[in-house]
$ cat protein_39.txt   # compact mmCIF, C-alpha atoms
# COMPACT_ATOMS: atom_id res chain seq x y z
CA ALA A 1 0.00 0.00 0.00
CA VAL A 2 1.18 3.54 -0.68
CA GLU A 3 -1.24 5.38 1.56
CA TRP A 4 -0.41 6.93 4.91
CA ASN A 5 -3.17 8.45 6.97
CA ASN A 6 -1.76 10.30 9.96
CA PRO A 7 -3.65 13.60 10.26
CA SER A 8 -2.41 14.22 13.79
CA ASP A 9 1.05 15.24 12.54
CA LYS A 10 1.81 18.87 11.85
CA GLU A 11 2.10 19.95 8.23
CA PHE A 12 3.58 22.83 6.26
CA ILE A 13 0.85 25.05 4.82
CA CYS A 14 1.51 28.56 3.53
CA GLU A 15 -0.34 31.49 5.00
CA THR A 16 0.43 34.31 2.59
CA GLU A 17 0.08 37.97 3.42
CA ASN A 18 1.38 41.36 2.33
CA ALA A 19 3.68 41.51 5.32
CA ASP A 20 5.74 44.44 6.51
CA THR A 21 8.73 42.16 7.14
CA TYR A 22 9.99 39.18 5.14
CA PHE A 23 12.73 36.71 6.02
CA SER A 24 14.75 34.32 3.88
CA GLY A 25 15.81 31.75 6.41
CA LYS A 26 16.96 33.88 9.34
CA ASN A 27 17.84 36.91 7.22
CA ARG A 28 15.53 39.90 6.98
CA ILE A 29 15.20 40.99 3.36
CA ALA A 30 14.00 44.19 1.70
CA HIS A 31 10.83 44.13 -0.40
CA LYS A 32 8.43 46.36 -2.29
CA LYS A 33 4.70 45.94 -2.73
CA ASN A 34 3.77 46.40 -6.37
CA ASN A 35 0.25 45.93 -7.77
CA GLY A 36 -0.55 42.94 -5.65
CA PHE A 37 2.80 41.15 -5.79
CA ILE A 38 5.91 41.45 -3.67
CA LEU A 39 9.17 42.42 -5.36
CA PHE A 40 12.52 41.69 -3.70
CA PRO A 41 14.94 44.26 -5.20
CA ASP A 42 18.13 42.50 -4.10
CA PHE A 43 17.10 39.16 -5.64
CA TYR A 44 16.68 38.36 -9.34
CA GLU A 45 15.05 35.07 -8.32
CA LEU A 46 12.49 34.54 -5.58
CA PRO A 47 14.31 34.07 -2.26
CA GLN A 48 14.28 30.56 -0.83
CA ARG A 49 12.81 29.61 2.57
CA LEU A 50 10.66 32.73 2.40
CA ASN A 51 8.69 33.66 5.51
CA PRO A 52 5.88 34.55 5.23
CA CYS A 53 5.13 32.76 1.96
CA ALA A 54 4.81 34.74 -1.24
CA ASN A 55 1.31 35.14 -2.66
CA ASP A 56 0.31 33.63 -6.01
CA LYS A 57 0.86 36.89 -7.93
CA THR A 58 4.42 36.97 -6.66
CA LEU A 59 5.00 33.30 -7.52
CA ASN A 60 3.56 33.93 -10.98
CA PHE A 61 5.88 36.90 -11.59
CA TYR A 62 9.09 35.10 -10.65
CA TYR A 63 8.28 31.76 -12.28
CA SER A 64 7.17 33.47 -15.49
CA ARG A 65 10.57 35.16 -15.56
CA TRP A 66 12.23 31.73 -15.33
CA LEU A 67 10.08 30.37 -18.13
CA GLY A 68 11.00 33.32 -20.32
CA GLU A 69 14.69 32.50 -20.08
CA ARG A 70 14.27 29.32 -22.12
CA ASN A 71 13.79 31.51 -25.20
CA GLY A 72 17.49 32.40 -25.26
CA PRO A 73 20.37 30.36 -26.74
CA LYS A 74 19.92 26.64 -26.18
CA TYR A 75 20.87 23.08 -26.97
CA LEU A 76 17.59 21.47 -27.97
CA VAL A 77 16.47 17.87 -28.37
CA SER A 78 13.10 17.36 -30.05
CA ALA A 79 10.54 14.82 -28.86
CA SER A 80 10.88 11.14 -29.64
CA ALA A 81 8.63 9.74 -32.37
CA GLU A 82 7.63 7.00 -29.91
CA PRO A 83 7.79 8.35 -26.34
CA ALA A 84 8.28 5.84 -23.54
CA LYS A 85 4.90 4.75 -22.24
CA LEU A 86 4.11 5.39 -18.60
CA SER A 87 1.68 3.13 -16.73
CA SER A 88 -0.52 4.39 -13.92
CA SER A 89 -2.50 3.00 -11.01
CA LEU A 90 -3.65 6.29 -9.59
CA GLN A 91 -4.71 7.02 -6.04
CA GLU A 92 -5.97 10.25 -4.47
CA SER A 93 -4.52 12.24 -1.61
CA LYS A 94 -6.42 15.12 -0.05
CA PHE A 95 -3.20 16.15 1.67
CA LEU A 96 -1.42 16.47 -1.69
CA GLU A 97 -4.31 18.40 -3.20
CA LYS A 98 -4.19 20.88 -0.30
CA GLN A 99 -0.45 21.35 -0.81
CA LEU A 100 -1.00 22.12 -4.50
CA ILE A 101 -3.73 24.65 -3.74
CA ASN A 102 -1.85 26.53 -1.02
CA ASN A 103 1.90 26.06 -1.37
CA GLY A 104 4.75 26.61 -3.85
CA ILE A 105 4.53 23.20 -5.50
CA LEU A 106 3.41 23.06 -9.16
CA SER A 107 3.62 19.38 -10.11
CA TYR A 108 3.88 16.11 -8.19
CA LEU A 109 4.60 12.60 -9.43
CA TYR A 110 5.15 9.51 -7.31
CA TYR A 111 6.27 6.37 -9.15
CA GLN A 112 6.63 2.92 -7.63
CA ASP A 113 7.26 -0.54 -9.09
CA GLY A 114 6.67 0.53 -12.68
CA LYS A 115 3.54 2.64 -12.17
CA ILE A 116 2.64 6.25 -11.41
CA ILE A 117 0.65 6.17 -8.17
CA PHE A 118 0.11 9.88 -7.49
CA ASP A 119 -0.08 12.43 -10.31
CA ASN A 120 -1.23 15.99 -9.62
CA LEU A 121 -0.83 19.58 -10.84
CA ALA A 122 -1.55 22.83 -9.03
CA PRO A 123 -4.77 24.52 -10.17
CA GLN A 124 -4.25 26.51 -13.38
CA SER A 125 -6.38 29.29 -11.86
CA ARG A 126 -3.53 30.18 -9.50
CA PHE A 127 -1.19 31.25 -12.31
CA GLN A 128 -1.10 33.09 -15.63
CA PHE A 129 1.61 30.92 -17.21
CA LYS A 130 0.56 27.67 -18.88
CA LEU A 131 0.46 24.81 -16.38
CA ASN A 132 -0.12 21.38 -17.93
CA ASP A 133 1.69 18.22 -19.02
CA GLU A 134 3.57 20.13 -21.75
CA THR A 135 4.83 22.95 -19.53
CA GLU A 136 8.61 23.19 -19.74
CA PHE A 137 9.55 23.27 -16.07
CA ARG A 138 12.94 24.68 -15.15
CA SER A 139 15.41 22.27 -13.55
CA ASN A 140 17.82 24.66 -11.87
CA SER A 141 20.45 22.46 -10.19
CA ILE A 142 18.67 19.24 -11.07
CA GLY A 143 20.32 19.93 -14.42
CA LYS A 144 23.67 19.23 -12.73
CA SER A 145 22.63 15.63 -12.17
CA ILE A 146 21.39 15.33 -15.75
CA VAL A 147 24.79 16.53 -16.96
CA SER A 148 26.36 13.81 -14.83
CA TYR A 149 24.08 11.21 -16.40
CA LEU A 150 25.28 12.31 -19.83
CA VAL A 151 28.90 12.03 -18.66
CA GLY A 152 28.20 8.38 -17.87
CA HIS A 153 27.08 7.83 -21.45
CA ALA A 154 30.13 9.69 -22.78
CA ILE A 155 32.38 7.36 -20.77
CA CYS A 156 30.51 4.26 -21.87
CA GLU A 157 30.72 5.33 -25.52
CA GLY A 158 34.45 5.98 -25.30
CA TYR A 159 34.51 9.76 -25.62
CA ILE A 160 35.87 10.09 -22.06
CA LYS A 161 38.20 7.44 -20.63
CA SER A 162 37.12 7.49 -17.00
CA LEU A 163 36.29 9.62 -14.00
CA ASP A 164 40.02 9.84 -13.30
CA GLU A 165 40.81 11.45 -16.64
CA THR A 166 42.33 14.92 -16.28
CA LEU A 167 40.99 17.88 -18.26
CA ASN A 168 44.32 19.00 -19.73
CA SER A 169 43.39 17.99 -23.29
CA TRP A 170 40.97 20.94 -23.51
CA PRO A 171 42.92 24.05 -24.58
CA VAL A 172 40.31 26.41 -23.11
CA LEU A 173 41.36 25.35 -19.60
CA HIS A 174 45.11 25.75 -20.08
CA LYS A 175 46.74 28.06 -17.52
CA THR A 176 43.79 27.57 -15.14
CA LEU A 177 43.56 25.65 -11.89
CA TYR A 178 41.21 23.08 -13.46
CA SER A 179 43.45 21.88 -16.29
CA ASN A 180 45.26 19.07 -14.47
CA LEU A 181 42.52 18.04 -12.07
CA PRO A 182 40.84 14.64 -12.44
CA LEU A 183 37.22 14.74 -13.55
CA ILE A 184 36.05 13.06 -10.32
CA ASP A 185 37.19 16.06 -8.27
CA LEU A 186 34.91 18.34 -10.27
CA MET A 187 32.08 15.80 -10.14
CA ASN A 188 32.33 15.73 -6.34
CA MET A 189 32.57 19.53 -6.02
CA ARG A 190 36.13 19.31 -4.71
CA ALA A 191 37.88 21.24 -7.45
CA GLN A 192 40.09 23.23 -5.03
CA ASP A 193 38.60 26.44 -6.41
CA GLN A 194 37.14 28.02 -3.26
CA HIS A 195 39.58 30.94 -3.59
CA VAL A 196 38.27 31.68 -7.10
CA VAL A 197 34.52 30.98 -7.21
CA THR A 198 31.69 30.24 -4.79
CA GLU A 199 27.99 29.58 -5.16
CA GLN A 200 27.17 32.59 -3.00
CA ASP A 201 29.43 35.23 -4.56
CA GLY A 202 30.27 34.00 -8.07
CA PHE A 203 33.80 34.84 -9.27
CA LEU A 204 35.62 36.40 -6.33
CA LYS A 205 38.05 38.40 -8.48
CA SER A 206 35.46 40.25 -10.55
CA GLY A 207 32.17 39.75 -8.72
CA ARG A 208 30.73 38.44 -11.98
CA TRP A 209 28.09 35.71 -11.77
CA PHE A 210 29.05 32.50 -13.61
CA ASN A 211 25.69 31.80 -15.30
CA PRO A 212 25.59 32.20 -18.24
CA VAL A 213 29.27 32.85 -18.91
CA SER A 214 31.40 30.95 -21.43
CA ILE A 215 34.30 28.96 -20.03
CA LYS A 216 36.68 30.78 -22.40
CA SER A 217 35.55 34.15 -21.07
CA ALA A 218 36.08 33.04 -17.47
CA ALA A 219 39.43 31.44 -18.32
CA SER A 220 40.75 34.68 -19.78
CA LEU A 221 39.40 37.02 -17.10
CA GLU A 222 38.92 35.28 -13.74
CA LEU A 223 40.96 32.07 -14.06
CA VAL A 224 44.13 32.94 -15.94
CA ASN A 225 47.27 31.72 -14.13
CA THR A 226 45.28 30.32 -11.20
CA GLN A 227 46.45 27.27 -9.26
CA PRO A 228 44.43 24.75 -7.23
CA ASN A 229 43.93 25.65 -3.60
CA LYS A 230 45.99 23.50 -1.23
CA ASN A 231 42.83 22.44 0.61
CA ARG A 232 40.64 19.88 -1.17
CA ILE A 233 37.29 20.78 0.41
CA TYR A 234 33.66 20.63 -0.67
CA ASN A 235 32.88 23.83 -2.62
CA TYR A 236 29.52 23.47 -4.30
CA ASN A 237 29.11 25.85 -7.25
CA GLY A 238 27.47 25.82 -10.65
CA PHE A 239 30.55 26.94 -12.56
CA VAL A 240 32.19 23.57 -11.98
CA THR A 241 29.21 21.82 -13.56
CA ASN A 242 29.46 24.12 -16.57
CA ILE A 243 33.11 23.08 -16.93
CA ILE A 244 32.09 19.41 -16.75
CA MET A 245 29.38 19.92 -19.35
CA ASN A 246 31.56 21.83 -21.78
CA TYR A 247 34.51 19.49 -21.36
CA MET A 248 32.14 16.67 -22.33
CA ILE A 249 30.94 18.67 -25.36
CA PHE A 250 34.59 19.19 -26.37
CA LYS A 251 35.33 15.47 -26.06
CA VAL A 252 32.20 14.40 -27.93
CA GLY A 253 32.98 16.95 -30.65
CA ASP A 254 30.91 16.98 -33.82
CA ASP A 255 28.88 14.06 -32.51
CA TRP A 256 27.31 16.22 -29.77
CA PRO A 257 23.86 16.69 -31.41
CA ALA A 258 23.64 12.98 -32.28
CA PHE A 259 24.89 12.08 -28.80
CA MET A 260 22.16 14.17 -27.18
CA ASN A 261 19.57 12.57 -29.44
CA SER A 262 20.80 9.08 -28.64
CA VAL A 263 20.29 9.64 -24.91
CA PHE A 264 17.09 11.68 -24.78
CA LYS A 265 15.23 10.64 -27.94
CA ASP A 266 16.36 7.05 -28.41
CA LYS A 267 16.95 5.86 -24.85
CA VAL A 268 14.89 7.99 -22.47
CA LYS A 269 12.32 8.54 -25.25
CA ILE A 270 11.09 11.97 -24.18
CA GLU A 271 7.57 13.07 -25.06
CA ASN A 272 8.32 16.79 -25.35
CA ARG A 273 11.43 18.74 -26.24
CA PHE A 274 14.36 18.95 -23.82
CA ILE A 275 16.48 22.11 -23.46
CA PHE A 276 19.88 22.95 -22.02
CA GLN A 277 20.49 26.68 -21.84
CA LYS A 278 23.62 28.29 -23.34
CA ALA A 279 25.65 31.45 -23.09
CA TRP A 280 26.09 33.53 -26.24
CA GLY A 281 28.98 32.60 -28.50
CA PRO A 282 30.38 29.68 -30.50
CA ASP A 283 30.31 26.20 -28.97
CA GLU A 284 34.10 25.94 -28.92
CA ASN A 285 34.17 28.69 -26.28
CA GLY A 286 32.36 26.43 -23.82
CA VAL A 287 28.91 28.02 -23.81
CA GLY A 288 26.85 25.14 -22.38
CA TRP A 289 24.88 25.79 -19.19
CA TYR A 290 23.54 22.98 -17.02
CA SER A 291 20.17 24.71 -16.50
CA ALA A 292 17.56 22.59 -18.30
CA TYR A 293 13.86 22.59 -19.18
CA ALA A 294 11.66 19.53 -19.59
CA SER A 295 8.05 18.48 -19.13
CA ARG A 296 6.98 16.88 -15.86
CA TYR A 297 6.68 13.39 -17.33
CA ASP A 298 10.03 13.70 -19.08
CA TYR A 299 11.76 14.43 -15.76
CA LEU A 300 10.20 11.17 -14.59
CA ARG A 301 11.35 9.37 -17.75
CA ILE A 302 14.92 10.54 -17.14
CA ALA A 303 14.77 9.29 -13.54
CA ILE A 304 13.30 5.95 -14.68
CA SER A 305 16.13 5.60 -17.19
CA MET A 306 18.68 6.15 -14.41
CA MET A 307 16.98 3.56 -12.22
CA THR A 308 16.77 1.06 -15.09
CA ASP A 309 20.48 1.46 -15.78
CA TRP A 310 21.32 0.91 -12.11
CA GLN A 311 19.14 -2.15 -11.76
CA SER A 312 20.26 -3.74 -15.04
CA ASP A 313 23.93 -3.15 -14.12
CA ASN A 314 24.78 -2.06 -17.66
CA CYS A 315 27.72 0.25 -18.37
CA VAL A 316 25.89 3.43 -17.35
CA GLY A 317 24.52 1.60 -14.31
CA GLN A 318 28.07 0.70 -13.31
CA TYR A 319 29.01 4.37 -13.74
CA LEU A 320 26.20 5.37 -11.36
CA LYS A 321 27.39 2.76 -8.88
CA GLU A 322 30.91 4.15 -9.10
CA LEU A 323 29.54 7.61 -8.30
CA ALA A 324 27.80 6.20 -5.22
CA LYS A 325 30.97 4.37 -4.17
CA ARG A 326 33.12 7.49 -4.54
CA LYS A 327 30.77 9.91 -2.77
CA GLU A 328 32.31 12.11 -0.08
CA PRO A 329 31.01 13.73 3.13
CA MET A 330 29.99 17.36 2.81
CA GLY A 331 30.67 18.41 6.38
CA LYS A 332 28.10 19.21 9.03
CA GLN A 333 27.88 22.87 8.05
CA PHE A 334 26.25 21.85 4.75
CA TRP A 335 23.37 19.66 6.00
CA LEU A 336 20.85 19.59 8.84
CA PHE A 337 22.58 16.98 11.01
CA ASP A 338 21.03 18.27 14.23
CA LEU A 339 17.39 18.17 13.09
CA GLU A 340 14.89 15.47 12.18
CA PRO A 341 13.22 15.85 8.77
CA LYS A 342 9.77 16.08 10.35
CA ASN A 343 10.93 19.15 12.28
CA ALA A 344 12.08 21.05 9.17
CA ARG A 345 9.36 20.09 6.75
CA ALA A 346 10.13 22.52 3.95
CA ASN A 347 13.88 21.84 3.88
CA ALA A 348 15.53 19.21 1.66
CA GLY A 349 18.99 19.50 3.26
CA PHE A 350 19.19 16.11 4.96
CA ALA A 351 21.83 14.42 2.77
CA SER A 352 25.27 14.10 4.36
CA HIS A 353 27.26 13.07 1.24
CA TYR A 354 27.73 14.34 -2.29
CA GLY A 355 29.18 12.56 -5.30
CA GLY A 356 29.03 12.82 -9.06
CA GLN A 357 26.56 15.73 -8.96
CA PHE A 358 24.09 13.78 -6.77
CA TYR A 359 23.19 13.87 -3.08
CA PHE A 360 23.53 10.69 -1.01
CA ASP A 361 22.92 9.33 2.49
CA TYR A 362 19.72 11.05 3.56
CA LYS A 363 19.19 11.03 7.31
CA GLY A 364 17.31 7.90 8.33
CA MET A 365 18.11 6.18 5.00
CA THR A 366 21.91 6.02 4.96
CA LYS A 367 22.10 2.30 4.20
CA ARG A 368 20.03 2.60 1.01
CA ASN A 369 21.00 3.56 -2.53
CA ILE A 370 19.06 6.79 -2.91
CA PHE A 371 20.11 9.34 -5.52
CA GLY A 372 19.00 12.88 -4.73
CA MET A 373 18.66 15.84 -7.08
CA ASP A 374 17.90 19.27 -5.69
CA GLY A 375 17.31 22.53 -7.53
CA TYR A 376 16.82 26.16 -6.48
CA GLY A 377 13.25 27.03 -5.66
CA GLY A 378 12.15 23.61 -4.45
CA GLN A 379 12.83 21.40 -7.48
CA SER A 380 13.33 17.87 -6.15
CA VAL A 381 13.86 14.40 -7.61
CA LEU A 382 14.70 11.41 -5.42
CA ILE A 383 15.31 7.90 -6.76
CA ASP A 384 15.30 4.84 -4.52
CA MET A 385 17.33 2.38 -6.60
CA ASP A 386 16.66 -0.50 -4.20
CA ASN A 387 12.88 -0.20 -3.86
CA SER A 388 12.02 1.22 -7.31
CA ARG A 389 10.54 4.47 -6.00
CA ILE A 390 10.78 7.91 -7.60
CA VAL A 391 9.40 11.30 -6.56
CA VAL A 392 9.47 14.24 -8.98
CA VAL A 393 8.53 17.73 -7.76
CA ASN A 394 8.50 20.91 -9.85
CA ALA A 395 7.92 24.04 -7.81
CA THR A 396 7.83 27.82 -7.76
CA SER A 397 9.40 27.99 -4.30
CA THR A 398 10.73 25.91 -1.42
CA ASN A 399 7.55 26.57 0.54
CA TYR A 400 5.88 23.15 0.55
CA ASP A 401 5.96 20.08 2.79
CA TRP A 402 9.08 18.36 1.43
CA TYR A 403 9.05 15.96 4.36
CA GLU A 404 5.60 14.58 3.62
CA LEU A 405 5.73 14.76 -0.18
CA VAL A 406 9.30 13.63 -0.91
CA TYR A 407 11.11 12.22 2.11
CA GLN A 408 8.35 10.04 3.54
CA PRO A 409 7.23 8.43 0.24
CA ILE A 410 10.85 7.51 -0.55
CA LYS A 411 11.50 6.24 2.96
CA THR A 412 8.27 4.34 3.54
CA GLY A 413 6.63 3.91 0.14
CA LYS A 414 3.60 5.75 1.50
CA LEU A 415 2.08 9.17 0.91
CA ARG A 416 -0.11 10.89 3.46
CA ILE A 417 -3.70 10.94 2.19
CA ASN A 418 -5.50 13.24 4.70
$ encode --input "protein_39.txt" --output "structure tokens"
Amino acid sequence: AVEWNNPSDKEFICETENADTYFSGKNRIAHKKNNGFILFPDFYELPQRLNPCANDKTLNFYYSRWLGERNGPKYLVSASAEPAKLSSSLQESKFLEKQLINNGILSYLYYQDGKIIFDNLAPQSRFQFKLNDETEFRSNSIGKSIVSYLVGHAICEGYIKSLDETLNSWPVLHKTLYSNLPLIDLMNMRAQDQHVVTEQDGFLKSGRWFNPVSIKSAASLELVNTQPNKNRIYNYNGFVTNIIMNYMIFKVGDDWPAFMNSVFKDKVKIENRFIFQKAWGPDENGVGWYSAYASRYDYLRIAISMMTDWQSDNCVGQYLKELAKRKEPMGKQFWLFDLEPKNARANAGFASHYGGQFYFDYKGMTKRNIFGMDGYGGQSVLIDMDNSRIVVVNATSTNYDWYELVYQPIKTGKLRIN
């Protein structure tokens, strides 16, 4: 059974208001009230962990801005002529429906043992942007994990030798700290680059943000003559993933469009188009950006493909198992070690390890092979390789009950129904 009826537990439900004071986490943030929505002048994107929750007009404004960005430069894969079929044995959850009506979640899919069990969208009436099965939801950092999945295919097809291959064959990286590093160090966010770039501040030398910036531009301005930091520590940042992606594009060479098609169209068999964003400029400059767009069911198809590879123990499955084997601890400052998931219901930060652009070892499930993908604004995909469970969440914000909708179904195989 996949139901869980425990209405006595607390739950995370947004109570929106035009407040005088807003907080992002513990930080008070400036805002302006503008024709019914709240604008945060210091943030291009909607702040995470927002308290109180943003109203629907505000969510609509910021998510519409995200959707508009897919109209820029892109790597595009068109839909498969024969999309992979998805079977369903649907159940209802009043709890899930309430989350979709009140909170920042847009789309929810729970898949178990070959069937979709729960399948819901937020009401279209809440938003002005199109919200249906064809909507191209933004991945944010979930795109990092998709890049990693492609790297596995590039290794299996012989374009890249192994995770221990250094990046010194790519001329764009010459005279930079990354040139002689092994690929695994970048995959595990241990590129010894904390003195050059961080997720919070971008490039420390110039203050420039790294998305979307070509690798050649960064190499000539922020990275020239840099050396690896002596300390090999966890330094999560999106620029490293862009290096990984563009190094792969360099290695695949002229086969890149066919390579993309072989994975998404021929193997995953997507139903709608798939997009990776790009910076402006020629491909040889390293313009690929991990940020992706896909339909809700195609995110599920990608996750199913990963799980199928793992369970069949094919070459890509062995690559995924190597990532899990070579994961590394993030350090207590990067995850909520001192809390229980039920006591921080809107927070996904309960994984203690990171490896190969995935999160591992979620609190309470450390002995299981669970691959976690997490993206800004509440995007979440978790795959339980052992028990054939997948949760896919697309969201406008982090303000929804991640504990009940993602953590508990993966842990127990049950979703709260009331």
$ closest_atom_pairs --input "protein_39.txt" --of "range 255-304 of chain A" --to "range 83-90 of chain A" --cutoff "9 Å" --atoms "only C-alpha atoms" --output "Markdown table"
| residue | atom | partner | partner_atom | distance |
| --- | --- | --- | --- | --- |
| A:Lys265 | CA | A:Pro83 | CA | 7.9 |
| A:Asp266 | CA | A:Pro83 | CA | 8.9 |
| A:Lys267 | CA | A:Ala84 | CA | 8.8 |
| A:Val268 | CA | A:Ala84 | CA | 7.0 |
| A:Lys269 | CA | A:Pro83 | CA | 4.7 |
| A:Ile270 | CA | A:Pro83 | CA | 5.4 |
| A:Glu271 | CA | A:Pro83 | CA | 4.9 |
| A:Asn272 | CA | A:Pro83 | CA | 8.5 |
| A:Tyr297 | CA | A:Leu86 | CA | 8.5 |
| A:Arg301 | CA | A:Ala84 | CA | 7.4 |
$ write_last_selection --input "protein_39.txt" --atoms "C-alpha atoms" --output "PDB file, keeping the file's coordinate frame"
ATOM      1  CA  LYS A 265      15.230  10.640 -27.940  1.00  0.00           C
ATOM      2  CA  ASP A 266      16.360   7.050 -28.410  1.00  0.00           C
ATOM      3  CA  LYS A 267      16.950   5.860 -24.850  1.00  0.00           C
ATOM      4  CA  VAL A 268      14.890   7.990 -22.470  1.00  0.00           C
ATOM      5  CA  LYS A 269      12.320   8.540 -25.250  1.00  0.00           C
ATOM      6  CA  ILE A 270      11.090  11.970 -24.180  1.00  0.00           C
ATOM      7  CA  GLU A 271       7.570  13.070 -25.060  1.00  0.00           C
ATOM      8  CA  ASN A 272       8.320  16.790 -25.350  1.00  0.00           C
ATOM      9  CA  TYR A 297       6.680  13.390 -17.330  1.00  0.00           C
ATOM     10  CA  ARG A 301      11.350   9.370 -17.750  1.00  0.00           C
TER      11      ARG A 301
END
$ closest_residue --input "protein_39.txt" --among "A:Leu204, A:Ile38, A:Ile101, A:Ile390" --to "Thr412 in chain A" --atoms "all atoms listed in the file"
A:Ile390
$ closest_residue --input "protein_39.txt" --among "A:Ala19, A:Leu46, A:Val393, A:Leu150" --to "Tyr110 in chain A" --atoms "only C-alpha atoms"
A:Val393
$ residues_around --input "protein_39.txt" --residues "range 399-401 of chain A" --least-positions-apart "2" --cutoff "9 Å" --atoms "only C-alpha atoms" --output "list in words"
Glu11, Phe12, Ile13, Cys14, Gln48, Arg49, Leu50, Asn51, Cys53, Ala54, Gln99, Leu100, Asn102, Asn103, Gly104, Ile105, Ala344, Arg345, Ala346, Asn347, Gly377, Gly378, Ala395, Thr396, Ser397, Tyr403, Glu404, Leu405 and Val406 of chain A
$ residues_around --input "protein_39.txt" --residues "range 211-225 of chain A" --least-positions-apart "3" --cutoff "7 Å" --atoms "all atoms listed in the file" --output "list in words"
Val172, Leu173, Lys175, Thr176, Phe203, Lys205, Ser206, Ile243, Lys278, Ala279, Asn285, Gly286, Val287 and Trp289 of chain A
$ closest_residue --input "protein_39.txt" --among "A:Gln318, A:Asp113, A:Phe358, A:Gln227" --to "His174 in chain A" --atoms "all atoms listed in the file"
A:Gln227
